[in-house]
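Peer 1: So here's input-v5.cif, just mmCIF, C-alpha atoms:
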```
data_work
#
loop_
_atom_site.label_atom_id
_atom_site.label_comp_id
_atom_site.auth_asym_id
_atom_site.auth_seq_id
_atom_site.Cartn_x
_atom_site.Cartn_y
_atom_site.Cartn_z
CA LYS A 109 121.59 82.14 113.46
CA ASN A 110 123.21 84.95 111.51
CA GLN A 111 122.67 88.25 113.26
CA VAL A 112 123.70 91.87 112.97
CA GLU A 113 123.43 94.05 116.07
CA GLN A 114 123.83 97.82 116.06
CA SER A 115 124.31 100.36 118.81
CA PRO A 116 123.22 102.81 119.88
CA GLN A 117 119.63 102.49 118.72
CA SER A 118 119.39 106.28 118.46
CA LEU A 119 121.77 109.19 118.84
CA ILE A 120 121.39 112.96 118.98
CA ILE A 121 124.39 115.21 118.36
CA LEU A 122 124.98 118.87 117.63
CA GLU A 123 126.01 120.04 114.21
CA GLY A 124 129.76 119.97 113.76
CA LYS A 125 130.38 117.22 116.30
CA ASN A 126 131.76 113.78 115.56
CA CYS A 127 130.09 110.47 116.34
CA THR A 128 130.74 106.73 116.09
CA LEU A 129 128.20 104.02 115.36
CA GLN A 130 128.83 100.38 116.22
CA CYS A 131 127.98 97.10 114.50
CA ASN A 132 128.57 93.55 115.77
CA TYR A 133 127.79 90.55 113.61
CA THR A 134 127.78 86.76 113.72
CA VAL A 135 127.29 86.15 109.99
CA SER A 136 129.55 83.36 108.76
CA PRO A 137 131.28 82.77 106.45
CA PHE A 138 131.88 86.48 106.04
CA SER A 139 132.13 88.12 102.62
CA ASN A 140 131.80 91.82 103.14
CA LEU A 141 130.14 94.45 105.30
CA ARG A 142 128.40 97.58 104.14
CA TRP A 143 127.10 100.68 105.79
CA TYR A 144 123.95 102.14 104.28
CA LYS A 145 122.34 105.50 104.90
CA GLN A 146 118.56 105.59 104.82
CA ASP A 147 116.81 108.94 104.82
CA THR A 148 113.26 109.00 106.14
CA GLY A 149 110.85 107.64 103.56
CA ARG A 150 113.62 106.62 101.15
CA GLY A 151 115.48 103.47 100.26
CA PRO A 152 118.95 102.75 101.70
CA VAL A 153 122.00 104.08 99.86
CA SER A 154 125.41 102.40 100.18
CA LEU A 155 128.13 104.45 101.93
CA THR A 156 131.05 102.04 102.23
CA ILE A 157 131.99 98.44 101.49
CA MET A 158 134.44 96.57 103.72
CA THR A 159 135.96 93.27 102.63
CA PHE A 160 137.68 90.75 104.90
CA SER A 161 141.16 92.19 104.30
CA GLU A 162 140.24 95.85 104.82
CA ASN A 163 140.56 97.53 108.22
CA THR A 164 139.63 101.10 107.38
CA LYS A 165 137.92 102.83 104.50
CA SER A 166 136.87 106.44 104.11
CA ASN A 167 134.22 108.13 102.02
CA GLY A 168 134.38 111.86 102.61
CA ARG A 169 133.40 112.52 106.21
CA TYR A 170 132.49 108.85 106.75
CA THR A 171 135.16 106.41 107.94
CA ALA A 172 134.35 102.74 108.44
CA THR A 173 136.50 100.26 110.33
CA LEU A 174 136.35 96.49 110.39
CA ASP A 175 137.82 93.95 112.79
CA ALA A 176 137.08 90.58 111.22
CA ASP A 177 138.54 88.71 114.19
CA THR A 178 136.13 90.21 116.72
CA LYS A 179 133.40 90.64 114.08
CA GLN A 180 132.95 94.31 114.80
CA SER A 181 132.64 97.36 112.59
CA SER A 182 132.21 101.04 113.28
CA LEU A 183 131.16 104.04 111.26
CA HIS A 184 132.70 107.36 112.27
CA ILE A 185 131.12 110.58 111.06
CA THR A 186 133.28 113.70 111.23
CA ALA A 187 132.02 117.27 111.48
CA SER A 188 128.38 116.27 111.30
CA GLN A 189 125.92 118.21 109.17
CA LEU A 190 122.15 118.54 109.40
CA SER A 191 121.87 116.38 106.28
CA ASP A 192 123.51 113.51 108.15
CA SER A 193 120.25 113.00 110.05
CA ALA A 194 119.15 109.54 108.92
CA SER A 195 119.16 105.88 109.85
CA TYR A 196 122.53 104.17 109.38
CA ILE A 197 122.23 100.48 108.67
CA CYS A 198 124.97 97.87 108.95
CA VAL A 199 124.59 95.09 106.38
CA VAL A 200 126.64 91.89 106.20
CA ILE A 201 126.85 89.46 103.29
CA ASP A 202 127.95 85.86 103.77
CA ARG A 203 130.55 84.36 101.45
CA GLY A 204 128.46 81.34 100.60
CA SER A 205 125.66 83.37 99.10
CA THR A 206 125.59 83.46 95.30
CA LEU A 207 122.25 85.20 95.53
CA GLY A 208 123.74 88.18 97.33
CA ARG A 209 121.56 87.78 100.40
CA LEU A 210 122.01 90.54 102.94
CA TYR A 211 121.71 90.44 106.73
CA PHE A 212 120.48 93.76 108.05
CA GLY A 213 120.90 95.46 111.39
CA ARG A 214 118.02 97.53 112.75
CA GLY A 215 119.96 100.71 112.22
CA THR A 216 121.06 103.64 114.35
CA GLN A 217 118.78 106.65 114.06
CA LEU A 218 121.05 109.70 114.01
CA THR A 219 119.63 113.18 114.57
CA VAL A 220 121.86 116.21 114.08
CA TRP A 221 120.64 119.40 115.75
CA PRO A 222 121.70 122.89 114.71
CA GLU B 65 121.78 107.65 91.82
CA ALA B 66 120.38 104.23 90.98
CA ASP B 67 117.70 103.91 88.29
CA ILE B 68 115.17 101.89 90.21
CA TYR B 69 111.62 103.11 90.61
CA GLN B 70 108.67 102.20 92.76
CA THR B 71 105.06 103.24 92.46
CA PRO B 72 103.02 104.29 94.20
CA ARG B 73 105.12 105.95 96.87
CA TYR B 74 102.20 106.00 99.28
CA LEU B 75 99.01 103.91 99.27
CA VAL B 76 96.09 103.89 101.69
CA ILE B 77 93.43 101.27 100.98
CA GLY B 78 90.65 99.37 102.67
CA THR B 79 90.73 95.78 103.86
CA GLY B 80 90.07 93.15 101.22
CA LYS B 81 91.31 95.16 98.24
CA LYS B 82 93.70 93.72 95.70
CA ILE B 83 96.83 95.80 95.19
CA THR B 84 99.96 95.68 93.06
CA LEU B 85 103.15 97.48 93.99
CA GLU B 86 105.28 98.28 90.97
CA CYS B 87 109.06 98.09 90.77
CA SER B 88 111.13 98.80 87.67
CA GLN B 89 114.83 99.17 87.05
CA THR B 90 116.61 100.39 83.94
CA MET B 91 120.06 99.03 84.75
CA GLY B 92 119.56 95.58 83.22
CA HIS B 93 120.15 93.88 86.58
CA ASP B 94 119.30 90.18 86.63
CA LYS B 95 118.58 89.91 90.37
CA MET B 96 115.73 91.70 92.09
CA TYR B 97 114.40 91.68 95.63
CA TRP B 98 111.44 92.76 97.75
CA TYR B 99 111.94 93.72 101.38
CA GLN B 100 109.44 94.62 104.09
CA GLN B 101 110.44 97.15 106.74
CA ASP B 102 108.49 98.27 109.79
CA PRO B 103 109.48 101.52 111.56
CA GLY B 104 112.68 101.15 113.56
CA MET B 105 113.12 97.58 112.44
CA GLU B 106 115.47 95.80 110.05
CA LEU B 107 114.63 94.98 106.46
CA HIS B 108 113.21 91.51 105.92
CA LEU B 109 113.52 89.74 102.58
CA ILE B 110 110.12 88.51 101.37
CA HIS B 111 110.77 87.68 97.68
CA TYR B 112 113.66 87.50 95.27
CA SER B 113 114.33 86.64 91.64
CA TYR B 114 117.44 85.38 89.83
CA GLY B 115 116.06 86.41 86.46
CA VAL B 116 113.10 86.18 84.13
CA ASN B 117 110.59 83.49 85.15
CA SER B 118 112.49 82.88 88.41
CA THR B 119 110.93 83.81 91.75
CA GLU B 120 111.55 82.54 95.27
CA LYS B 121 110.20 83.29 98.73
CA GLY B 122 112.50 85.04 101.17
CA ASP B 123 113.14 84.70 104.89
CA LEU B 124 109.94 86.36 106.06
CA SER B 125 106.70 84.63 105.25
CA SER B 126 104.46 86.87 103.20
CA GLU B 127 100.98 86.47 101.70
CA SER B 128 102.09 88.51 98.72
CA THR B 129 103.11 87.08 95.35
CA VAL B 130 105.54 88.31 92.73
CA SER B 131 106.19 87.79 89.04
CA ARG B 132 109.19 88.36 86.76
CA ILE B 133 108.05 88.33 83.16
CA ARG B 134 110.53 90.99 82.08
CA THR B 135 114.03 91.67 83.36
CA GLU B 136 113.25 95.25 84.32
CA HIS B 137 109.93 94.66 86.06
CA PHE B 138 109.22 92.91 89.38
CA PRO B 139 105.71 93.67 90.66
CA LEU B 140 104.37 92.53 94.04
CA THR B 141 100.69 91.68 94.48
CA LEU B 142 98.46 91.31 97.51
CA GLU B 143 95.19 89.58 96.56
CA SER B 144 93.33 90.71 99.69
CA ALA B 145 95.00 93.37 101.78
CA ARG B 146 94.69 93.30 105.58
CA PRO B 147 95.79 95.79 108.30
CA SER B 148 98.67 93.41 109.15
CA HIS B 149 100.11 94.19 105.71
CA THR B 150 100.66 97.82 106.69
CA SER B 151 104.38 98.42 106.25
CA GLN B 152 107.03 99.89 103.98
CA TYR B 153 107.95 97.78 100.97
CA LEU B 154 111.38 98.26 99.40
CA CYS B 155 112.46 96.92 96.03
CA ALA B 156 116.12 96.37 95.16
CA SER B 157 118.16 95.09 92.25
CA MET B 158 121.68 93.83 91.71
CA ALA B 159 123.86 92.75 88.80
CA SER B 160 125.57 89.39 89.24
CA THR B 161 128.68 90.70 87.56
CA THR B 162 129.32 93.70 89.80
CA GLY B 163 129.64 92.24 93.28
CA ASN B 164 126.98 92.40 95.96
CA THR B 165 125.84 95.99 95.71
CA GLN B 166 122.07 96.15 95.88
CA TYR B 167 120.43 99.32 94.70
CA PHE B 168 117.21 100.24 96.44
CA GLY B 169 114.13 102.00 95.21
CA PRO B 170 112.48 104.75 97.27
CA GLY B 171 109.92 102.38 98.77
CA THR B 172 106.13 102.18 98.95
CA ARG B 173 104.47 103.06 102.23
CA LEU B 174 101.33 100.89 102.43
CA THR B 175 98.56 101.51 104.94
CA VAL B 176 95.60 99.13 105.08
CA LEU B 177 92.63 100.40 107.03
#
```
Re-express the file's structure as structure tokens.

Peer 2:
Amino acid sequence: KNQVEQSPQSLIILEGKNCTLQCNYTVSPFSNLRWYKQDTGRGPVSLTIMTFSENTKSNGRYTATLDADTKQSSLHITASQLSDSASYICVVIDRGSTLGRLYFGRGTQLTVWP
Amino acid sequence: EADIYQTPRYLVIGTGKKITLECSQTMGHDKMYWYQQDPGMELHLIHYSYGVNSTEKGDLSSESTVSRIRTEHFPLTLESARPSHTSQYLCASMASTTGNTQYFGPGTRLTVL
């Protein structure tokens, strides 16, 4: 069964601090992995896309890593801001899917305190 | 910012009512999706469409139905709402030609009393 597991389930940090969110997956065959940010009451918005050959990709203060051998990814947030408070969802797409089916993790709920 | 819209954003109704959740996108995407999401839980695919007149059921069994008469419009209907249907419903769309990026609408928060 294809699964995506995220940790921690929730995280509270102070403004300005860094944090790292983890994602482990068993989806196979692997196509790509995405991190989405979902604000409360809104739909998810894509932050980064990682393909099989990519190890690290940055998008501003967000840096995603991927280890396709161990099937692990992380999302590092630098110098957190209050607006970073949201759910961060790891999403994996399998290579055999022409439909573009996504496998979702449950998300990490990040709260940034002033 | 993706051009995909959902209405209503919030809906509170009584048991047994028929409801339709609207989803429209102005990007010309051929593929559209409906997801159901409970608080703190992952998104579950309940319906999807390859294009006009094409609809399929997703991974999670749902009593809802969908239609795709126009490319830009993918409404979801519940004939008789029940409290177990209380959830957030997210619509998404994707273009076949631009990889696997799905763009999500803001969601409809449905509460059935």

Peer 1: Kindly determine which residues of chain A lie within 12 Å of chain B, considering all atoms listed in the file, and give the answer as a short mmCIF file (atom, residue, chain, number, x, y, z; two decimals) with C-alpha atoms, keeping the file's coordinate frame.

Peer 2:
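Okay, out.cif is ready:
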```cif
data_model
loop_
_atom_site.label_atom_id
_atom_site.label_comp_id
_atom_site.auth_asym_id
_atom_site.auth_seq_id
_atom_site.Cartn_x
_atom_site.Cartn_y
_atom_site.Cartn_z
CA GLN A 111 122.67 88.25 113.26
CA VAL A 112 123.70 91.87 112.97
CA GLU A 113 123.43 94.05 116.07
CA GLN A 114 123.83 97.82 116.06
CA GLN A 117 119.63 102.49 118.72
CA SER A 118 119.39 106.28 118.46
CA SER A 139 132.13 88.12 102.62
CA ASN A 140 131.80 91.82 103.14
CA LEU A 141 130.14 94.45 105.30
CA ARG A 142 128.40 97.58 104.14
CA TRP A 143 127.10 100.68 105.79
CA TYR A 144 123.95 102.14 104.28
CA LYS A 145 122.34 105.50 104.90
CA GLN A 146 118.56 105.59 104.82
CA ASP A 147 116.81 108.94 104.82
CA THR A 148 113.26 109.00 106.14
CA GLY A 149 110.85 107.64 103.56
CA ARG A 150 113.62 106.62 101.15
CA GLY A 151 115.48 103.47 100.26
CA PRO A 152 118.95 102.75 101.70
CA VAL A 153 122.00 104.08 99.86
CA SER A 154 125.41 102.40 100.18
CA LEU A 155 128.13 104.45 101.93
CA THR A 156 131.05 102.04 102.23
CA ILE A 157 131.99 98.44 101.49
CA MET A 158 134.44 96.57 103.72
CA THR A 159 135.96 93.27 102.63
CA ALA A 194 119.15 109.54 108.92
CA SER A 195 119.16 105.88 109.85
CA TYR A 196 122.53 104.17 109.38
CA ILE A 197 122.23 100.48 108.67
CA CYS A 198 124.97 97.87 108.95
CA VAL A 199 124.59 95.09 106.38
CA VAL A 200 126.64 91.89 106.20
CA ILE A 201 126.85 89.46 103.29
CA ASP A 202 127.95 85.86 103.77
CA ARG A 203 130.55 84.36 101.45
CA SER A 205 125.66 83.37 99.10
CA THR A 206 125.59 83.46 95.30
CA LEU A 207 122.25 85.20 95.53
CA GLY A 208 123.74 88.18 97.33
CA ARG A 209 121.56 87.78 100.40
CA LEU A 210 122.01 90.54 102.94
CA TYR A 211 121.71 90.44 106.73
CA PHE A 212 120.48 93.76 108.05
CA GLY A 213 120.90 95.46 111.39
CA ARG A 214 118.02 97.53 112.75
CA GLY A 215 119.96 100.71 112.22
CA THR A 216 121.06 103.64 114.35
CA GLN A 217 118.78 106.65 114.06
CA LEU A 218 121.05 109.70 114.01
#
```

Peer 1: From the list A:Glu123, A:Thr186, A:Ala176, A:Ser191, which residue is nearest A:Pro137 when using only C-alpha atoms?

Peer 2: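 Closest to A:Pro137 of all the choices is A:Ala176.
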
Peer 1: Taking every listed atom of stretch 136-143 of chain A and adding 6 Å to each side, what centre and edge lengths in Å (one decimal) does the axis-aligned box have, as JSON?

Peer 2:
```
{"center_x": 129.6, "center_y": 91.7, "center_z": 105.7, "size_x": 17.0, "size_y": 29.9, "size_z": 18.1}
```

Peer 1: How would you write, as a PyMOL selection string, the residues chosen by the PyMOL selection byres ((chain A and resi 125-131) around 6) on this structure?

Peer 2: chain A and resi 113-115+122-124+132+180-188

Peer 1: Identify which of the residues A:Leu190, A:Ser136, A:Pro222, A:Ser161 lies closest to A:Thr173, counting all atoms listed in the file when measuring atom-to-atom distances.

Peer 2: A:Ser161

Peer 1: Would you compute the distance between atom CA of B:Ser88 and atom CA of B:Ile133? Give it in Å to one decimal.

Peer 2: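 Atom CA of B:Ser88 sits 11.8 Å away from atom CA of B:Ile133.
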
Peer 1: Show me, as a PyMOL selection string, the residues that have an atom within 12 Å of B:Gly78 when counting all atoms listed in the file, minus same-chain residues fewer than 3 positions from it.

Peer 2: chain B and resi 75+81-83+144-150+174-177

Peer 1: Between atom CA of A:Asn163 and atom CA of A:Ile121, what distance in Å does the model show, to one decimal?

Peer 2: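 A separation of 26.0 Å between them.
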
Peer 1: Rounded to one decimal place, report the atom CA of A:Val220-atom CA of A:Gln189 distance in Å.

Peer 2: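 Spanning atom CA of A:Val220 to atom CA of A:Gln189 is a straight-line distance of 6.7 Å.
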
Peer 1: Which residue out of B:Ser157, B:Gly92, B:His111, B:Ile68 has the minimum interatomic distance to B:Ser125 when all atoms listed in the file are used?

Peer 2: B:His111

Peer 1: Quick check on the file I pasted: which residues fall under the PyMOL selection byres ((chain B and resi 71) around 7)? Write them as a PyMOL selection string.

Peer 2: chain B and resi 69-70+72-73+85-87+172

Peer 1: So which one's closest to B:Ser128, B:Thr84, B:Thr161, B:Ser151, B:Thr90? Using all atoms listed in the file, please.

Peer 2: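 Among B:Thr84, B:Thr161, B:Ser151, B:Thr90, it is B:Thr84 that comes nearest to B:Ser128.
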
Peer 1: Closest to A:Asp192 among A:Thr219, A:Thr171, A:Pro116, A:Thr134, using only C-alpha atoms?

Peer 2: A:Thr219
